[in-house]
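A.B. asks: Got structure-v3.cif for you, mmCIF, C-alpha atoms:
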```
data_final
loop_
_atom_site.group_PDB
_atom_site.id
_atom_site.type_symbol
_atom_site.label_atom_id
_atom_site.label_comp_id
_atom_site.auth_asym_id
_atom_site.auth_seq_id
_atom_site.Cartn_x
_atom_site.Cartn_y
_atom_site.Cartn_z
ATOM 1 C CA MET A 348 89.781 -9.576 44.567
ATOM 2 C CA THR A 349 92.376 -12.334 45.054
ATOM 3 C CA VAL A 350 92.880 -15.218 42.665
ATOM 4 C CA ASP A 351 91.457 -17.678 45.220
ATOM 5 C CA THR A 352 88.339 -15.550 45.662
ATOM 6 C CA GLN A 353 87.837 -15.293 41.896
ATOM 7 C CA SER A 354 88.185 -19.054 41.579
ATOM 8 C CA GLN A 355 85.577 -19.621 44.295
ATOM 9 C CA VAL A 356 83.142 -17.232 42.602
ATOM 10 C CA GLN A 357 83.668 -18.951 39.242
ATOM 11 C CA VAL A 358 83.138 -22.409 40.733
ATOM 12 C CA ALA A 359 79.940 -21.239 42.499
ATOM 13 C CA ALA A 360 78.622 -19.688 39.299
ATOM 14 C CA GLU A 361 79.323 -22.840 37.321
ATOM 15 C CA ALA A 362 77.646 -24.955 40.010
ATOM 16 C CA GLY A 363 74.612 -22.667 39.993
ATOM 17 C CA ALA A 364 74.369 -22.810 36.211
ATOM 18 C CA GLU A 365 74.646 -26.593 36.287
ATOM 19 C CA ASP A 366 71.898 -26.741 38.920
ATOM 20 C CA VAL A 367 69.636 -24.607 36.735
ATOM 21 C CA LEU A 368 70.282 -26.849 33.720
ATOM 22 C CA LYS A 369 69.362 -29.918 35.764
ATOM 23 C CA ARG A 370 65.949 -28.510 36.693
ATOM 24 C CA PRO A 371 63.101 -30.157 34.771
ATOM 25 C CA SER A 372 61.553 -28.182 31.930
ATOM 26 C CA TYR A 373 57.781 -27.818 32.040
ATOM 27 C CA GLY A 374 55.348 -26.677 29.398
ATOM 28 C CA TYR A 375 53.106 -23.679 29.934
ATOM 29 C CA TRP A 376 50.016 -25.620 31.018
ATOM 30 C CA ARG A 377 51.923 -28.067 33.200
ATOM 31 C CA ASP A 378 53.748 -25.223 34.885
ATOM 32 C CA ALA A 379 50.428 -23.435 35.466
ATOM 33 C CA TRP A 380 48.970 -26.617 36.940
ATOM 34 C CA ARG A 381 51.907 -26.908 39.382
ATOM 35 C CA ARG A 382 51.486 -23.303 40.502
ATOM 36 C CA LEU A 383 47.753 -23.789 40.944
ATOM 37 C CA LEU A 384 48.276 -26.831 43.167
ATOM 38 C CA ARG A 385 50.687 -24.833 45.325
ATOM 39 C CA ASN A 386 47.887 -22.358 46.052
ATOM 40 C CA LYS A 387 46.155 -24.190 48.902
ATOM 41 C CA VAL A 388 43.129 -21.890 49.041
ATOM 42 C CA ALA A 389 42.500 -22.216 45.285
ATOM 43 C CA THR A 390 43.007 -25.990 45.469
ATOM 44 C CA ILE A 391 40.481 -26.376 48.301
ATOM 45 C CA ALA A 392 38.043 -24.125 46.440
ATOM 46 C CA GLY A 393 38.488 -26.195 43.279
ATOM 47 C CA LEU A 394 37.836 -29.428 45.174
ATOM 48 C CA TYR A 395 34.654 -27.944 46.653
ATOM 49 C CA ILE A 396 33.481 -26.900 43.175
ATOM 50 C CA VAL A 397 34.104 -30.397 41.834
ATOM 51 C CA LEU A 398 32.311 -32.022 44.776
ATOM 52 C CA ILE A 399 29.246 -29.750 44.711
ATOM 53 C CA THR A 400 28.989 -30.138 40.924
ATOM 54 C CA LEU A 401 29.202 -33.933 41.098
ATOM 55 C CA ALA A 402 26.702 -33.977 43.976
ATOM 56 C CA ALA A 403 24.264 -31.909 41.905
ATOM 57 C CA ILE A 404 24.702 -34.137 38.842
ATOM 58 C CA PHE A 405 24.231 -37.348 40.820
ATOM 59 C CA ALA A 406 21.713 -35.904 43.267
ATOM 60 C CA PRO A 407 19.311 -38.898 43.167
ATOM 61 C CA ILE A 408 22.197 -41.163 44.202
ATOM 62 C CA VAL A 409 23.861 -39.082 46.911
ATOM 63 C CA THR A 410 20.729 -37.765 48.622
ATOM 64 C CA PRO A 411 19.022 -39.916 51.277
ATOM 65 C CA TYR A 412 15.424 -38.856 50.588
ATOM 66 C CA ASP A 413 13.089 -38.134 47.717
ATOM 67 C CA ARG A 414 13.177 -34.516 46.621
ATOM 68 C CA ASP A 415 9.425 -33.813 46.782
ATOM 69 C CA ALA A 416 8.102 -36.567 49.061
ATOM 70 C CA PRO A 417 6.344 -34.966 52.073
ATOM 71 C CA ASP A 418 6.614 -36.336 55.590
ATOM 72 C CA PHE A 419 3.900 -34.655 57.658
ATOM 73 C CA GLY A 420 5.132 -36.353 60.818
ATOM 74 C CA ASN A 421 8.457 -34.455 60.704
ATOM 75 C CA THR A 422 7.587 -30.935 59.618
ATOM 76 C CA ARG A 423 9.737 -27.904 60.452
ATOM 77 C CA GLU A 424 12.350 -29.920 62.324
ATOM 78 C CA GLY A 425 15.728 -28.360 63.031
ATOM 79 C CA PRO A 426 18.982 -30.097 62.070
ATOM 80 C CA THR A 427 19.157 -33.689 63.342
ATOM 81 C CA ILE A 428 21.198 -36.779 62.537
ATOM 82 C CA GLU A 429 18.461 -38.025 60.170
ATOM 83 C CA HIS A 430 18.000 -34.568 58.625
ATOM 84 C CA PRO A 431 21.323 -32.633 58.840
ATOM 85 C CA PHE A 432 19.759 -29.439 57.451
ATOM 86 C CA GLY A 433 16.330 -29.995 59.022
ATOM 87 C CA THR A 434 12.970 -30.272 57.262
ATOM 88 C CA ASP A 435 10.596 -27.767 55.658
ATOM 89 C CA PRO A 436 6.862 -27.172 56.360
ATOM 90 C CA LEU A 437 5.978 -30.259 54.297
ATOM 91 C CA GLY A 438 8.513 -32.469 56.037
ATOM 92 C CA ARG A 439 10.852 -32.598 53.034
ATOM 93 C CA ASP A 440 14.556 -32.985 53.740
ATOM 94 C CA VAL A 441 16.297 -29.608 53.306
ATOM 95 C CA PHE A 442 19.708 -31.183 52.603
ATOM 96 C CA THR A 443 18.230 -33.159 49.719
ATOM 97 C CA ARG A 444 16.573 -30.071 48.289
ATOM 98 C CA VAL A 445 19.778 -28.020 48.613
ATOM 99 C CA ILE A 446 21.662 -30.638 46.578
ATOM 100 C CA PHE A 447 18.905 -30.762 43.961
ATOM 101 C CA GLY A 448 18.796 -26.951 43.999
ATOM 102 C CA GLY A 449 22.435 -26.944 42.940
ATOM 103 C CA ARG A 450 21.357 -28.531 39.670
ATOM 104 C CA VAL A 451 19.407 -25.424 38.739
ATOM 105 C CA SER A 452 21.695 -22.769 40.194
ATOM 106 C CA LEU A 453 24.949 -24.288 38.942
ATOM 107 C CA GLY A 454 23.403 -25.381 35.653
ATOM 108 C CA VAL A 455 22.192 -21.881 34.868
ATOM 109 C CA ALA A 456 25.564 -20.420 35.885
ATOM 110 C CA PHE A 457 27.632 -22.862 33.810
ATOM 111 C CA VAL A 458 25.463 -22.722 30.699
ATOM 112 C CA GLY A 459 25.029 -18.950 31.006
ATOM 113 C CA SER A 460 28.789 -18.397 31.325
ATOM 114 C CA LEU A 461 29.529 -20.682 28.360
ATOM 115 C CA THR A 462 26.910 -18.872 26.273
ATOM 116 C CA SER A 463 28.336 -15.487 27.186
ATOM 117 C CA MET A 464 31.857 -16.738 26.426
ATOM 118 C CA LEU A 465 30.884 -17.955 22.960
ATOM 119 C CA ILE A 466 29.116 -14.690 22.118
ATOM 120 C CA GLY A 467 31.807 -12.489 23.659
ATOM 121 C CA LEU A 468 34.656 -14.501 22.131
ATOM 122 C CA THR A 469 33.217 -14.283 18.624
ATOM 123 C CA TYR A 470 32.320 -10.597 18.919
ATOM 124 C CA GLY A 471 35.600 -9.558 20.537
ATOM 125 C CA ALA A 472 37.699 -11.624 18.123
ATOM 126 C CA ILE A 473 36.102 -9.938 15.092
ATOM 127 C CA ALA A 474 36.523 -6.458 16.568
ATOM 128 C CA GLY A 475 40.096 -7.065 17.717
ATOM 129 C CA TYR A 476 41.287 -8.706 14.510
ATOM 130 C CA LEU A 477 39.744 -6.253 12.056
ATOM 131 C CA GLY A 478 40.379 -3.113 14.108
ATOM 132 C CA GLY A 479 39.843 0.327 12.553
ATOM 133 C CA TRP A 480 36.339 1.631 12.032
ATOM 134 C CA VAL A 481 34.837 -1.849 12.461
ATOM 135 C CA ASP A 482 36.341 -2.054 15.944
ATOM 136 C CA ASP A 483 35.116 1.455 16.802
ATOM 137 C CA LEU A 484 31.588 0.706 15.651
ATOM 138 C CA MET A 485 31.387 -2.630 17.453
ATOM 139 C CA MET A 486 32.769 -1.212 20.704
ATOM 140 C CA ARG A 487 30.316 1.697 20.643
ATOM 141 C CA PHE A 488 27.526 -0.887 20.557
ATOM 142 C CA VAL A 489 29.087 -2.565 23.605
ATOM 143 C CA ASP A 490 29.195 0.806 25.371
ATOM 144 C CA LEU A 491 25.530 1.298 24.501
ATOM 145 C CA MET A 492 24.651 -2.094 25.961
ATOM 146 C CA TYR A 493 26.529 -1.219 29.141
ATOM 147 C CA GLY A 494 24.145 1.705 29.572
ATOM 148 C CA PHE A 495 21.172 -0.608 30.223
ATOM 149 C CA PRO A 496 20.649 -1.846 33.804
ATOM 150 C CA THR A 497 21.566 -5.511 33.501
ATOM 151 C CA LEU A 498 19.186 -6.945 36.088
ATOM 152 C CA LEU A 499 16.269 -4.860 34.812
ATOM 153 C CA PHE A 500 16.963 -6.039 31.265
ATOM 154 C CA ILE A 501 16.951 -9.692 32.413
ATOM 155 C CA ILE A 502 13.703 -9.156 34.333
ATOM 156 C CA LEU A 503 12.034 -7.666 31.252
ATOM 157 C CA MET A 504 13.161 -10.644 29.160
ATOM 158 C CA MET A 505 11.866 -13.127 31.737
ATOM 159 C CA LEU A 506 8.486 -11.367 31.846
ATOM 160 C CA VAL A 507 7.992 -12.332 28.202
ATOM 161 C CA ILE A 508 7.753 -16.002 29.238
ATOM 162 C CA PRO A 509 4.181 -16.966 30.285
ATOM 163 C CA PRO A 510 3.920 -17.566 34.049
ATOM 164 C CA ASN A 511 2.577 -21.122 33.655
ATOM 165 C CA SER A 512 5.308 -22.259 31.274
ATOM 166 C CA SER A 513 7.087 -25.569 31.695
ATOM 167 C CA PRO A 514 10.275 -25.670 33.801
ATOM 168 C CA ALA A 515 12.293 -26.496 30.667
ATOM 169 C CA LEU A 516 11.075 -23.335 28.914
ATOM 170 C CA ILE A 517 11.869 -21.225 31.972
ATOM 171 C CA MET A 518 15.370 -22.711 32.143
ATOM 172 C CA VAL A 519 15.947 -21.955 28.463
ATOM 173 C CA GLY A 520 14.711 -18.418 29.084
ATOM 174 C CA LEU A 521 17.210 -18.040 31.921
ATOM 175 C CA PHE A 522 20.034 -19.309 29.714
ATOM 176 C CA ILE A 523 19.155 -16.837 26.959
ATOM 177 C CA ALA A 524 18.588 -13.889 29.289
ATOM 178 C CA LEU A 525 21.863 -14.370 31.159
ATOM 179 C CA GLY A 526 23.829 -15.083 28.005
ATOM 180 C CA VAL A 527 22.524 -12.006 26.190
ATOM 181 C CA VAL A 528 23.644 -9.543 28.869
ATOM 182 C CA SER A 529 26.803 -11.151 30.277
ATOM 183 C CA TRP A 530 29.007 -11.316 27.174
ATOM 184 C CA LEU A 531 30.053 -7.667 27.180
ATOM 185 C CA GLY A 532 33.029 -8.027 29.515
ATOM 186 C CA THR A 533 34.301 -11.078 27.629
ATOM 187 C CA ALA A 534 34.064 -9.218 24.325
ATOM 188 C CA ARG A 535 36.122 -6.325 25.670
ATOM 189 C CA LEU A 536 38.714 -8.690 27.124
ATOM 190 C CA VAL A 537 39.108 -10.703 23.911
ATOM 191 C CA ARG A 538 39.221 -7.575 21.804
ATOM 192 C CA GLY A 539 42.007 -6.117 23.964
ATOM 193 C CA GLN A 540 43.987 -9.362 23.845
ATOM 194 C CA PHE A 541 43.701 -9.592 20.050
ATOM 195 C CA LEU A 542 44.704 -5.951 19.549
ATOM 196 C CA SER A 543 47.810 -6.535 21.654
ATOM 197 C CA ILE A 544 48.872 -9.911 20.243
ATOM 198 C CA ARG A 545 48.238 -9.211 16.558
ATOM 199 C CA GLU A 546 51.086 -6.637 16.544
ATOM 200 C CA GLN A 547 53.673 -9.055 17.940
ATOM 201 C CA ASP A 548 56.501 -10.368 15.777
ATOM 202 C CA PHE A 549 55.368 -13.983 15.505
ATOM 203 C CA VAL A 550 51.952 -12.916 14.188
ATOM 204 C CA THR A 551 53.540 -10.476 11.740
ATOM 205 C CA ALA A 552 55.844 -13.265 10.520
ATOM 206 C CA ALA A 553 52.931 -15.661 10.065
ATOM 207 C CA ARG A 554 51.010 -13.009 8.128
ATOM 208 C CA ALA A 555 54.038 -12.361 5.917
ATOM 209 C CA LEU A 556 54.256 -16.078 5.161
ATOM 210 C CA GLY A 557 50.695 -15.982 3.832
ATOM 211 C CA ALA A 558 48.692 -17.282 6.795
ATOM 212 C CA LYS A 559 44.964 -16.817 6.264
ATOM 213 C CA PRO A 560 42.858 -14.846 8.821
ATOM 214 C CA ALA A 561 41.201 -18.025 10.085
ATOM 215 C CA ARG A 562 44.615 -19.610 10.730
ATOM 216 C CA LEU A 563 45.951 -16.470 12.393
ATOM 217 C CA ILE A 564 43.002 -16.430 14.781
ATOM 218 C CA THR A 565 42.846 -20.142 15.590
ATOM 219 C CA ARG A 566 46.601 -20.878 15.566
ATOM 220 C CA TYR A 567 48.139 -17.730 17.030
ATOM 221 C CA LEU A 568 45.727 -15.168 18.480
ATOM 222 C CA LEU A 569 43.215 -17.370 20.281
ATOM 223 C CA PRO A 570 45.681 -19.821 21.931
ATOM 224 C CA ASN A 571 47.683 -16.899 23.330
ATOM 225 C CA SER A 572 44.510 -15.323 24.732
ATOM 226 C CA ILE A 573 42.974 -18.442 26.282
ATOM 227 C CA GLY A 574 44.435 -17.900 29.771
ATOM 228 C CA PRO A 575 42.650 -14.584 30.514
ATOM 229 C CA ILE A 576 39.485 -15.903 28.835
ATOM 230 C CA VAL A 577 39.368 -18.977 31.101
ATOM 231 C CA VAL A 578 39.922 -16.796 34.168
ATOM 232 C CA ALA A 579 37.148 -14.410 33.109
ATOM 233 C CA LEU A 580 34.831 -17.370 32.524
ATOM 234 C CA THR A 581 35.524 -18.707 36.021
ATOM 235 C CA LEU A 582 35.063 -15.337 37.705
ATOM 236 C CA SER A 583 31.773 -14.692 35.858
ATOM 237 C CA ILE A 584 30.075 -17.754 37.359
ATOM 238 C CA PRO A 585 29.541 -16.269 40.871
ATOM 239 C CA SER A 586 27.687 -13.261 39.473
ATOM 240 C CA LEU A 587 25.472 -15.558 37.402
ATOM 241 C CA ILE A 588 24.704 -17.697 40.446
ATOM 242 C CA LEU A 589 23.704 -14.551 42.328
ATOM 243 C CA THR A 590 21.601 -13.308 39.407
ATOM 244 C CA GLU A 591 19.756 -16.627 39.098
ATOM 245 C CA SER A 592 19.152 -16.690 42.851
ATOM 246 C CA THR A 593 17.823 -13.135 42.721
ATOM 247 C CA LEU A 594 15.447 -13.948 39.858
ATOM 248 C CA SER A 595 14.199 -17.074 41.637
ATOM 249 C CA PHE A 596 13.849 -15.134 44.884
ATOM 250 C CA ILE A 597 11.529 -12.582 43.286
ATOM 251 C CA GLY A 598 9.572 -15.293 41.442
ATOM 252 C CA LEU A 599 10.984 -14.925 37.917
ATOM 253 C CA GLY A 600 13.116 -18.069 37.937
ATOM 254 C CA VAL A 601 12.102 -21.688 38.295
ATOM 255 C CA LYS A 602 8.901 -22.350 40.206
ATOM 256 C CA ALA A 603 8.120 -24.674 43.095
ATOM 257 C CA PRO A 604 8.233 -27.588 43.630
ATOM 258 C CA ILE A 605 11.475 -27.573 41.606
ATOM 259 C CA PRO A 606 14.089 -26.295 44.048
ATOM 260 C CA SER A 607 16.842 -23.822 43.408
ATOM 261 C CA TRP A 608 18.825 -21.981 46.024
ATOM 262 C CA GLY A 609 16.974 -18.771 45.265
ATOM 263 C CA VAL A 610 13.559 -20.461 45.485
ATOM 264 C CA MET A 611 14.461 -22.077 48.814
ATOM 265 C CA LEU A 612 15.729 -18.778 50.168
ATOM 266 C CA SER A 613 12.524 -17.073 49.048
ATOM 267 C CA GLU A 614 10.414 -19.734 50.801
ATOM 268 C CA GLY A 615 12.515 -19.727 53.963
ATOM 269 C CA TRP A 616 13.157 -16.076 54.781
ATOM 270 C CA ARG A 617 9.569 -15.451 55.899
ATOM 271 C CA GLY A 618 10.006 -17.911 58.754
ATOM 272 C CA MET A 619 13.435 -16.765 59.904
ATOM 273 C CA GLN A 620 12.341 -16.303 63.523
ATOM 274 C CA SER A 621 10.700 -19.707 63.945
ATOM 275 C CA ASP A 622 12.607 -21.820 61.359
ATOM 276 C CA PRO A 623 15.913 -20.091 60.536
ATOM 277 C CA HIS A 624 17.412 -23.248 59.024
ATOM 278 C CA LEU A 625 15.073 -22.951 56.026
ATOM 279 C CA ALA A 626 16.898 -19.789 54.909
ATOM 280 C CA ILE A 627 20.343 -20.253 56.442
ATOM 281 C CA PHE A 628 21.387 -23.385 54.537
ATOM 282 C CA PRO A 629 20.375 -22.185 51.038
ATOM 283 C CA ALA A 630 22.062 -18.858 51.792
ATOM 284 C CA LEU A 631 25.221 -20.687 52.903
ATOM 285 C CA ALA A 632 25.166 -22.756 49.715
ATOM 286 C CA ILE A 633 25.039 -19.570 47.626
ATOM 287 C CA THR A 634 27.713 -17.789 49.678
ATOM 288 C CA ILE A 635 30.206 -20.662 49.919
ATOM 289 C CA THR A 636 29.863 -21.535 46.237
ATOM 290 C CA MET A 637 30.390 -17.926 45.162
ATOM 291 C CA LEU A 638 33.448 -17.616 47.416
ATOM 292 C CA ALA A 639 34.832 -20.897 46.070
ATOM 293 C CA PHE A 640 34.581 -19.702 42.473
ATOM 294 C CA ASN A 641 36.163 -16.359 43.391
ATOM 295 C CA PHE A 642 39.080 -17.997 45.221
ATOM 296 C CA PHE A 643 39.566 -20.533 42.434
ATOM 297 C CA GLY A 644 39.411 -17.802 39.798
ATOM 298 C CA ASP A 645 42.040 -15.747 41.632
ATOM 299 C CA GLY A 646 44.316 -18.781 41.899
ATOM 300 C CA LEU A 647 43.764 -19.620 38.255
ATOM 301 C CA ARG A 648 44.621 -16.060 37.252
ATOM 302 C CA ASP A 649 47.942 -16.263 39.111
ATOM 303 C CA ALA A 650 48.681 -19.725 37.717
ATOM 304 C CA LEU A 651 48.070 -18.664 34.111
ATOM 305 C CA ASP A 652 50.064 -15.434 34.427
ATOM 306 C CA PRO A 653 52.971 -15.804 31.939
ATOM 307 C CA THR A 654 55.204 -13.605 34.098
ATOM 308 C CA MET A 655 54.991 -16.225 36.884
ATOM 309 C CA ARG A 656 56.242 -19.051 34.671
ATOM 310 C CA GLY A 657 59.191 -20.938 36.096
ATOM 311 C CA ARG A 658 58.917 -19.424 39.566
ATOM 312 C CA ASP A 659 58.713 -21.661 42.627
#
```
Show me this structure written as C-alpha cells.

C.D. replies:
Amino acid sequence: MTVDTQSQVQVAAEAGAEDVLKRPSYGYWRDAWRRLLRNKVATIAGLYIVLITLAAIFAPIVTPYDRDAPDFGNTREGPTIEHPFGTDPLGRDVFTRVIFGGRVSLGVAFVGSLTSMLIGLTYGAIAGYLGGWVDDLMMRFVDLMYGFPTLLFIILMMLVIPPNSSPALIMVGLFIALGVVSWLGTARLVRGQFLSIREQDFVTAARALGAKPARLITRYLLPNSIGPIVVALTLSIPSLILTESTLSFIGLGVKAPIPSWGVMLSEGWRGMQSDPHLAIFPALAITITMLAFNFFGDGLRDALDPTMRGRD
C-alpha cells in the first residue's frame, strides 16, 4: 500500500469517527421510541388501539344514537349513511353498540392483563430472586396449573356466579377468572429474567456493597426486565379479548342489553343469511383489534430489544 493510499484511508477513518461522534446520543427508552415509530405497521396498529380505546371510553360522546333506544321503524336495516353498520332487530344502531361493546371487551382485557401481570410479576420475582428449592417448588406449582384446561377452568369459575347477578358482579368475576389463569406465562418470563440478571456483574457489585433484597429487585432486577414484561403484557391482551368474547358468546359473560363484542356476535350469527351485518361488524371489531395488538406487540418487542439499540 502506497503512502498516498495509507493517508487516504487514515483521513477516511478519522472522518468516519468524527461523524460517529457527532451523532446524537439517545437514552434506552428514547431510542426504543424512535425505532418503534420507524415501524409503520406497529405505529398504525398503535394509533388504532389508542383510537378504539378513546372511542370506548367516550362512547356516549362519539356515538350518534342511544345505546339501548329501540327504533321499530328501522329494524334490521343494512349499512346506510344514517346507520353505517346497520340496525338490529330492535332498530338499535349497530355502530353505537359496537363502540359501547368495546368498553366491556377492552376493559376486561386491560384489567385482566394488568391483574395477571401483577400476580405473575410478584410470583416470578420471588422465584427468580430466591432460586434453589424455593424456585423449584414454585415452578412445579406453575407446571401443575398449566395442566388444567384454561378455558374450562374459567367456565367453572364463572358458573359460581348466580345467573341473575348484576353486571358489575359479572365483570368482577371476569376480571378474577381471567387474572387467576393468565399469570403463568408472566411468572415464567419474570423468573427467567431474574435468574439471568441476578448473576451479572453490576448486581453482584451492588450485593457486595450491602444492597438489601428490596433494593436489588426494585433498582436493578426489575428495571432491566421491564422491556420483555411490557411486551408480554401487550401480547396477552388479544388472547384475553378472545376469551371474553368466547365466554360472552356462550352466555357466561355480560348479559343483554349490555353489549360486548361476544354478546353481539352471539346474537347476530343466527341471522347470518338474512342479516349478515349483525355478526360481521362485531367479528371485524374482534379480529382487527386482536391483529392491532399483535402487530403493536411485535413492533414493541423489536423496539425494546437491547441488541437493536443504536441501529438505524

A.B. asks: With distances taken over only C-alpha atoms, which residue among A:Val610, A:Ile576, A:Ala472, A:Leu638 lies nearest Leu594 in chain A?

C.D. replies: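 Selected residue with least distance to Leu594 in chain A: A:Val610.
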
A.B. asks: If the PyMOL selection byres ((chain A and resi 591) around 8) were run on this exact file, what residues would it hold? Put them as a list in words.

C.D. replies: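 Checking the PyMOL selection byres ((chain A and resi 591) around 8) against this file, the residues are Ser452, Val455, Ala456, Leu521, Leu587, Ile588, Leu589, Thr590, Ser592, Thr593, Leu594, Ser595, Gly600 and Gly609 of chain A.
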
A.B. asks: Would you please work out which residue, of A:Leu398, A:Val441, A:Ala379, A:Leu542, is nearest to Asp622 in chain A when using all atoms listed in the file?

C.D. replies: A:Val441

A.B. asks: With distances taken over all atoms listed in the file, which residue among A:Ile544, A:Ala524, A:Ala555, A:Leu503 lies nearest Gly459 in chain A?

C.D. replies: A:Ala524

A.B. asks: Return as a PDB file with C-alpha atoms, keeping the file's coordinate frame the set of residues that the PyMOL selection byres ((chain A and resi 448) around 9) yields on the displayed structure.

C.D. replies:
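Saved result, result-v9.pdb, follows:
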```
ATOM      1  CA  ALA A 403      24.264 -31.909  41.905  1.00  0.00           C
ATOM      2  CA  THR A 443      18.230 -33.159  49.719  1.00  0.00           C
ATOM      3  CA  ARG A 444      16.573 -30.071  48.289  1.00  0.00           C
ATOM      4  CA  VAL A 445      19.778 -28.020  48.613  1.00  0.00           C
ATOM      5  CA  ILE A 446      21.662 -30.638  46.578  1.00  0.00           C
ATOM      6  CA  PHE A 447      18.905 -30.762  43.961  1.00  0.00           C
ATOM      7  CA  GLY A 449      22.435 -26.944  42.940  1.00  0.00           C
ATOM      8  CA  ARG A 450      21.357 -28.531  39.670  1.00  0.00           C
ATOM      9  CA  VAL A 451      19.407 -25.424  38.739  1.00  0.00           C
ATOM     10  CA  SER A 452      21.695 -22.769  40.194  1.00  0.00           C
ATOM     11  CA  LEU A 453      24.949 -24.288  38.942  1.00  0.00           C
ATOM     12  CA  ILE A 605      11.475 -27.573  41.606  1.00  0.00           C
ATOM     13  CA  PRO A 606      14.089 -26.295  44.048  1.00  0.00           C
ATOM     14  CA  SER A 607      16.842 -23.822  43.408  1.00  0.00           C
ATOM     15  CA  TRP A 608      18.825 -21.981  46.024  1.00  0.00           C
ATOM     16  CA  GLY A 609      16.974 -18.771  45.265  1.00  0.00           C
ATOM     17  CA  VAL A 610      13.559 -20.461  45.485  1.00  0.00           C
ATOM     18  CA  MET A 611      14.461 -22.077  48.814  1.00  0.00           C
ATOM     19  CA  PRO A 629      20.375 -22.185  51.038  1.00  0.00           C
TER      20      PRO A 629
END
```

A.B. asks: Excluding range 526-531 of chain A and its own-chain neighbours fewer than 6 positions away, which residues fall within 7 Å of it when counting all atoms listed in the file? Please give them as a short mmCIF file (atom, residue, chain, number, x, y, z; two decimals) with C-alpha atoms, in the frame of the given file.

C.D. replies:
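Saved result, selection.cif, follows:
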```
data_model
loop_
_atom_site.label_atom_id
_atom_site.label_comp_id
_atom_site.auth_asym_id
_atom_site.auth_seq_id
_atom_site.Cartn_x
_atom_site.Cartn_y
_atom_site.Cartn_z
CA GLY A 459 25.03 -18.95 31.01
CA SER A 460 28.79 -18.40 31.32
CA THR A 462 26.91 -18.87 26.27
CA SER A 463 28.34 -15.49 27.19
CA MET A 464 31.86 -16.74 26.43
CA ILE A 466 29.12 -14.69 22.12
CA GLY A 467 31.81 -12.49 23.66
CA VAL A 489 29.09 -2.56 23.60
CA THR A 497 21.57 -5.51 33.50
#
```

A.B. asks: List the residues matched by the PyMOL selection byres ((chain A and resi 514) around 10) in the displayed structure as a list in words, ordered by chain and then by residue number.

C.D. replies: Asn511, Ser512, Ser513, Ala515, Leu516, Ile517, Met518, Val519, Gly520, Gly600, Val601, Lys602, Ala603 and Ile605 of chain A

A.B. asks: Do you know which residues are at most 9 Å from range 646-651 of chain A counting all atoms listed in the file, after dropping those on the same chain fewer than 3 positions away, and could you put them as a PyMOL selection string?

C.D. replies: chain A and resi 375-376+378-384+386+388-390+574-575+577-579+581+641-643+654-656

A.B. asks: Just the residues within 10 Å of Glu614 in chain A, please, counting all atoms listed in the file, with nothing from its chain fewer than 6 positions along; format it as number ranges by chain.

C.D. replies: A: 435-436, 596, 603, 608, 625-626

A.B. asks: For the atom pair CA of Ala406 in chain A and CA of Ile523 in chain A, what is the interatomic distance in Å to one decimal place?

C.D. replies: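 Between these atoms lies a distance of 25.2 Å.
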
A.B. asks: Need the shell around Ala553 in chain A: protein/DNA/RNA residues with any atom at most 12 Å away, counting only C-alpha atoms. Skip same-chain ones fewer than 6 positions apart. Format as a VMD selection string?

C.D. replies: chain A and resid 545 to 547 559 to 564 566 to 568
